[in-house]
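One file, model.cif, is given below (mmCIF, C-alpha atoms).
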```cif
data_entry
#
loop_
_atom_site.group_PDB
_atom_site.id
_atom_site.type_symbol
_atom_site.label_atom_id
_atom_site.label_comp_id
_atom_site.auth_asym_id
_atom_site.auth_seq_id
_atom_site.Cartn_x
_atom_site.Cartn_y
_atom_site.Cartn_z
ATOM 1 C CA MET L 1 17.422 29.531 -8.542
ATOM 2 C CA LYS L 2 18.046 27.348 -11.595
ATOM 3 C CA LYS L 3 21.484 26.446 -10.242
ATOM 4 C CA LEU L 4 19.976 25.445 -6.890
ATOM 5 C CA ILE L 5 17.422 23.208 -8.585
ATOM 6 C CA ALA L 6 20.132 21.631 -10.736
ATOM 7 C CA VAL L 7 22.264 20.926 -7.652
ATOM 8 C CA LEU L 8 19.290 19.371 -5.821
ATOM 9 C CA VAL L 9 18.463 17.134 -8.776
ATOM 10 C CA LEU L 10 22.092 16.046 -8.996
ATOM 11 C CA LEU L 11 22.271 15.267 -5.264
ATOM 12 C CA LEU L 12 19.007 13.315 -5.278
ATOM 13 C CA SER L 13 20.167 11.333 -8.301
ATOM 14 C CA ALA L 14 23.415 10.468 -6.534
ATOM 15 C CA VAL L 15 21.556 9.251 -3.425
ATOM 16 C CA ASP L 16 19.237 7.111 -5.560
ATOM 17 C CA ALA L 17 22.193 5.682 -7.493
ATOM 18 C CA ARG L 18 23.988 4.767 -4.237
ATOM 19 C CA ALA L 19 20.864 3.024 -2.928
ATOM 20 C CA GLN L 20 20.493 1.043 -6.122
ATOM 21 C CA ALA L 21 24.193 0.156 -6.105
ATOM 22 C CA ALA L 22 23.948 -1.098 -2.523
ATOM 23 C CA CYS L 23 21.067 -3.359 -3.487
ATOM 24 C CA ALA L 24 22.808 -4.462 -6.673
ATOM 25 C CA ALA L 25 25.354 -6.226 -4.488
ATOM 26 C CA GLY L 26 22.757 -9.001 -4.478
ATOM 27 C CA SER L 27 23.102 -9.447 -8.227
ATOM 28 C CA VAL L 28 24.170 -12.779 -9.654
ATOM 29 C CA ASN L 29 27.121 -12.884 -12.094
ATOM 30 C CA ASN L 30 26.975 -9.062 -12.342
ATOM 31 C CA VAL L 31 23.433 -9.268 -13.748
ATOM 32 C CA PRO L 32 21.210 -6.776 -11.927
ATOM 33 C CA PRO L 33 18.033 -7.988 -10.243
ATOM 34 C CA VAL L 34 14.883 -7.942 -12.396
ATOM 35 C CA PRO L 35 11.371 -6.937 -11.349
ATOM 36 C CA PHE L 36 8.938 -9.841 -11.039
ATOM 37 C CA THR L 37 5.915 -8.703 -9.038
ATOM 38 C CA GLN L 38 4.397 -5.747 -7.237
ATOM 39 C CA GLU L 39 1.817 -4.816 -4.627
ATOM 40 C CA SER L 40 0.125 -1.789 -3.105
ATOM 41 C CA ILE L 41 0.059 -1.666 0.686
ATOM 42 C CA THR L 42 -2.328 0.545 2.625
ATOM 43 C CA VAL L 43 -0.439 2.139 5.507
ATOM 44 C CA SER L 44 -2.804 3.188 8.272
ATOM 45 C CA THR L 45 -2.722 3.696 12.044
ATOM 46 C CA ASN L 46 -1.637 0.067 12.650
ATOM 47 C CA ALA L 47 1.895 -0.923 11.696
ATOM 48 C CA VAL L 48 2.174 -3.056 8.529
ATOM 49 C CA ILE L 49 4.842 -5.202 6.888
ATOM 50 C CA LEU L 50 5.549 -6.241 3.325
ATOM 51 C CA THR L 51 3.523 -9.276 2.220
ATOM 52 C CA VAL L 52 5.745 -12.325 2.717
ATOM 53 C CA ALA L 53 3.824 -14.483 0.223
ATOM 54 C CA THR L 54 4.421 -11.824 -2.424
ATOM 55 C CA TYR L 55 8.196 -11.464 -2.037
ATOM 56 C CA ARG L 56 8.766 -15.150 -1.159
ATOM 57 C CA PRO L 57 6.509 -16.945 -3.644
ATOM 58 C CA THR L 58 6.092 -20.716 -3.501
ATOM 59 C CA GLY L 59 8.522 -22.188 -5.986
ATOM 60 C CA GLY L 60 10.799 -19.101 -5.668
ATOM 61 C CA PRO L 61 13.212 -17.568 -6.288
ATOM 62 C CA ASN L 62 12.636 -15.013 -3.564
ATOM 63 C CA ALA L 63 12.947 -11.260 -3.887
ATOM 64 C CA ILE L 64 16.319 -9.781 -2.999
ATOM 65 C CA GLN L 65 15.278 -6.134 -3.303
ATOM 66 C CA ALA L 66 12.203 -3.906 -3.203
ATOM 67 C CA MET L 67 11.614 -0.402 -4.526
ATOM 68 C CA ILE L 68 8.990 1.354 -2.415
ATOM 69 C CA SER L 69 7.296 4.611 -3.354
ATOM 70 C CA ILE L 70 5.130 6.493 -0.902
ATOM 71 C CA GLY L 71 1.973 8.068 -2.328
ATOM 72 C CA ALA L 72 0.004 11.098 -1.166
ATOM 73 C CA GLN L 73 0.470 10.719 2.608
ATOM 74 C CA PRO L 74 3.690 10.511 4.684
ATOM 75 C CA VAL L 75 4.747 7.396 6.610
ATOM 76 C CA ARG L 76 7.177 6.387 9.380
ATOM 77 C CA VAL L 77 9.447 3.360 8.950
ATOM 78 C CA TRP L 78 11.888 1.234 10.922
ATOM 79 C CA PHE L 79 14.143 -1.261 9.129
ATOM 80 C CA THR L 80 14.928 -3.344 12.239
ATOM 81 C CA GLY L 81 11.752 -5.332 12.862
ATOM 82 C CA ILE L 82 10.661 -2.865 15.565
ATOM 83 C CA ALA L 83 7.339 -1.131 14.910
ATOM 84 C CA PRO L 84 7.538 2.643 14.440
ATOM 85 C CA THR L 85 4.914 4.958 15.878
ATOM 86 C CA SER L 86 3.112 7.773 14.124
ATOM 87 C CA THR L 87 5.750 10.174 15.516
ATOM 88 C CA VAL L 88 8.912 8.027 15.818
ATOM 89 C CA GLY L 89 10.786 6.316 12.981
ATOM 90 C CA HIS L 90 12.335 7.347 9.695
ATOM 91 C CA TYR L 91 10.025 9.877 8.047
ATOM 92 C CA PHE L 92 9.234 9.421 4.367
ATOM 93 C CA ALA L 93 7.353 12.302 2.797
ATOM 94 C CA THR L 94 4.880 12.037 -0.035
ATOM 95 C CA ASN L 95 6.299 11.011 -3.408
ATOM 96 C CA THR L 96 9.429 9.518 -1.825
ATOM 97 C CA VAL L 97 11.135 6.414 -3.234
ATOM 98 C CA PHE L 98 13.445 4.146 -1.241
ATOM 99 C CA TYR L 99 14.996 0.694 -1.629
ATOM 100 C CA VAL L 100 15.153 -2.245 0.752
ATOM 101 C CA CYS L 101 17.517 -5.176 0.217
ATOM 102 C CA GLY L 102 18.019 -8.733 1.429
ATOM 103 C CA ASP L 103 16.991 -9.653 4.956
ATOM 104 C CA THR L 104 15.675 -6.143 5.563
ATOM 105 C CA LEU L 105 12.596 -7.016 3.466
ATOM 106 C CA ALA L 106 11.320 -9.062 6.417
ATOM 107 C CA LYS L 107 12.211 -6.345 8.953
ATOM 108 C CA LEU L 108 10.600 -3.318 7.287
ATOM 109 C CA ILE L 109 7.614 -1.999 9.254
ATOM 110 C CA MET L 110 5.574 1.069 8.242
ATOM 111 C CA ILE L 111 2.888 3.209 9.873
ATOM 112 C CA ARG L 112 1.036 6.334 8.798
ATOM 113 C CA ASP L 113 2.645 9.552 10.066
ATOM 114 C CA THR L 114 0.653 11.622 12.543
ATOM 115 C CA SER L 115 0.496 14.507 10.043
ATOM 116 C CA ALA L 116 -1.228 12.359 7.393
ATOM 117 C CA GLY L 117 -4.792 13.342 6.625
ATOM 118 C CA ALA L 118 -5.689 9.844 5.422
ATOM 119 C CA ASP L 119 -4.195 6.395 4.930
ATOM 120 C CA ALA L 120 -1.020 6.228 2.876
ATOM 121 C CA VAL L 121 -0.371 3.854 -0.003
ATOM 122 C CA ALA L 122 3.040 2.291 -0.529
ATOM 123 C CA SER L 123 3.608 0.968 -4.058
ATOM 124 C CA VAL L 124 6.144 -1.845 -3.970
ATOM 125 C CA THR L 125 8.019 -3.523 -6.822
ATOM 126 C CA TYR L 126 10.014 -6.648 -5.980
ATOM 127 C CA PHE L 127 13.191 -7.740 -7.748
ATOM 128 C CA ARG L 128 14.918 -11.119 -7.890
ATOM 129 C CA PRO L 129 18.099 -12.473 -9.436
#
```
Since I need it in another form, could you write the structure as structure tokens?
Amino acid sequence: MKKLIAVLVLLLSAVDARAQAACAAGSVNNVPPVPFTQESITVSTNAVILTVATYRPTGGPNAIQAMISIGAQPVRVWFTGIAPTSTVGHYFATNTVFYVCGDTLAKLIMIRDTSAGADAVASVTYFRP
């Protein structure tokens, strides 16, 4: 059992590292993006997007990456600008973290999964060069 847990931790770490590396391609002069602001988004039965004014502040620079963690309720997500439904879209379980980079920030749409007992909360940290 301990070996299985160790393998799972290793695999999850590798997936997270690949996601971060993919987003790091937006770094400037090999300097990784730095966090500059955050928000909490309530994800309910109506599809929601990231707050444009938060990741594209007046006077910039704009965010190039976001780290999103899903709280106590699962959500569905599409990264294409098409709204998911409560049963269709990428499923993110509770306590899941994922990254969104570049133009996909404007295309991310989330909705509460049909199995959720209440609204979900997505905690978002934005990064810029």
Point to revise | Near-L:Ser86 list (6 Å; only C-alpha atoms; drop same-chain fewer than 2 positions) as a ChimeraX atom specification | key: /L:112-114
Exercise for review: Might you spell out which residues the PyMOL selection byres ((chain L and resi 84) around 10) would select in the displayed file, as a PyMOL selection string?
Suggested key: chain L and resi 46-48+75-83+85-91+108-113
Atoms kept (C-alpha atoms) for selection, written as a short mmCIF file (atom, residue, chain, number, x, y, z; two decimals), in the coordinates of the input:
```cif
data_model
loop_
_atom_site.label_atom_id
_atom_site.label_comp_id
_atom_site.auth_asym_id
_atom_site.auth_seq_id
_atom_site.Cartn_x
_atom_site.Cartn_y
_atom_site.Cartn_z
CA ASN L 46 -1.64 0.07 12.65
CA ALA L 47 1.90 -0.92 11.70
CA VAL L 48 2.17 -3.06 8.53
CA VAL L 75 4.75 7.40 6.61
CA ARG L 76 7.18 6.39 9.38
CA VAL L 77 9.45 3.36 8.95
CA TRP L 78 11.89 1.23 10.92
CA PHE L 79 14.14 -1.26 9.13
CA THR L 80 14.93 -3.34 12.24
CA GLY L 81 11.75 -5.33 12.86
CA ILE L 82 10.66 -2.86 15.56
CA ALA L 83 7.34 -1.13 14.91
CA THR L 85 4.91 4.96 15.88
CA SER L 86 3.11 7.77 14.12
CA THR L 87 5.75 10.17 15.52
CA VAL L 88 8.91 8.03 15.82
CA GLY L 89 10.79 6.32 12.98
CA HIS L 90 12.34 7.35 9.70
CA TYR L 91 10.02 9.88 8.05
CA LEU L 108 10.60 -3.32 7.29
CA ILE L 109 7.61 -2.00 9.25
CA MET L 110 5.57 1.07 8.24
CA ILE L 111 2.89 3.21 9.87
CA ARG L 112 1.04 6.33 8.80
CA ASP L 113 2.64 9.55 10.07
#
```
Exercise for review: Would you mind telling me which residue in L:Ala120, L:Val97, L:Val43, L:Tyr126 lies nearest to L:Arg56 when using all atoms listed in the file?
Suggested key: L:Tyr126
Exercise for review: Using the chain letters and residue numbers of this document, give as a list of chain:residue names the residues selected by the PyMOL selection byres ((chain L and resi 39) around 10).
Suggested key: L:Thr37, L:Gln38, L:Ser40, L:Ile41, L:Thr42, L:Leu50, L:Thr51, L:Thr54, L:Tyr55, L:Ile68, L:Ala122, L:Ser123, L:Val124, L:Thr125, L:Tyr126
Point to revise | Exercise: stretch 61-66 of chain L partners within 10 Å, only C-alpha atoms, chain neighbours under 2 positions left out, as a ChimeraX atom specification | key: /L:20,23-27,33-38,50,52-59,68-69,98-105,123-129
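Relative to atom CA of L:Ser44, atom CA of L:Gly71 is found at 12.6 Å.
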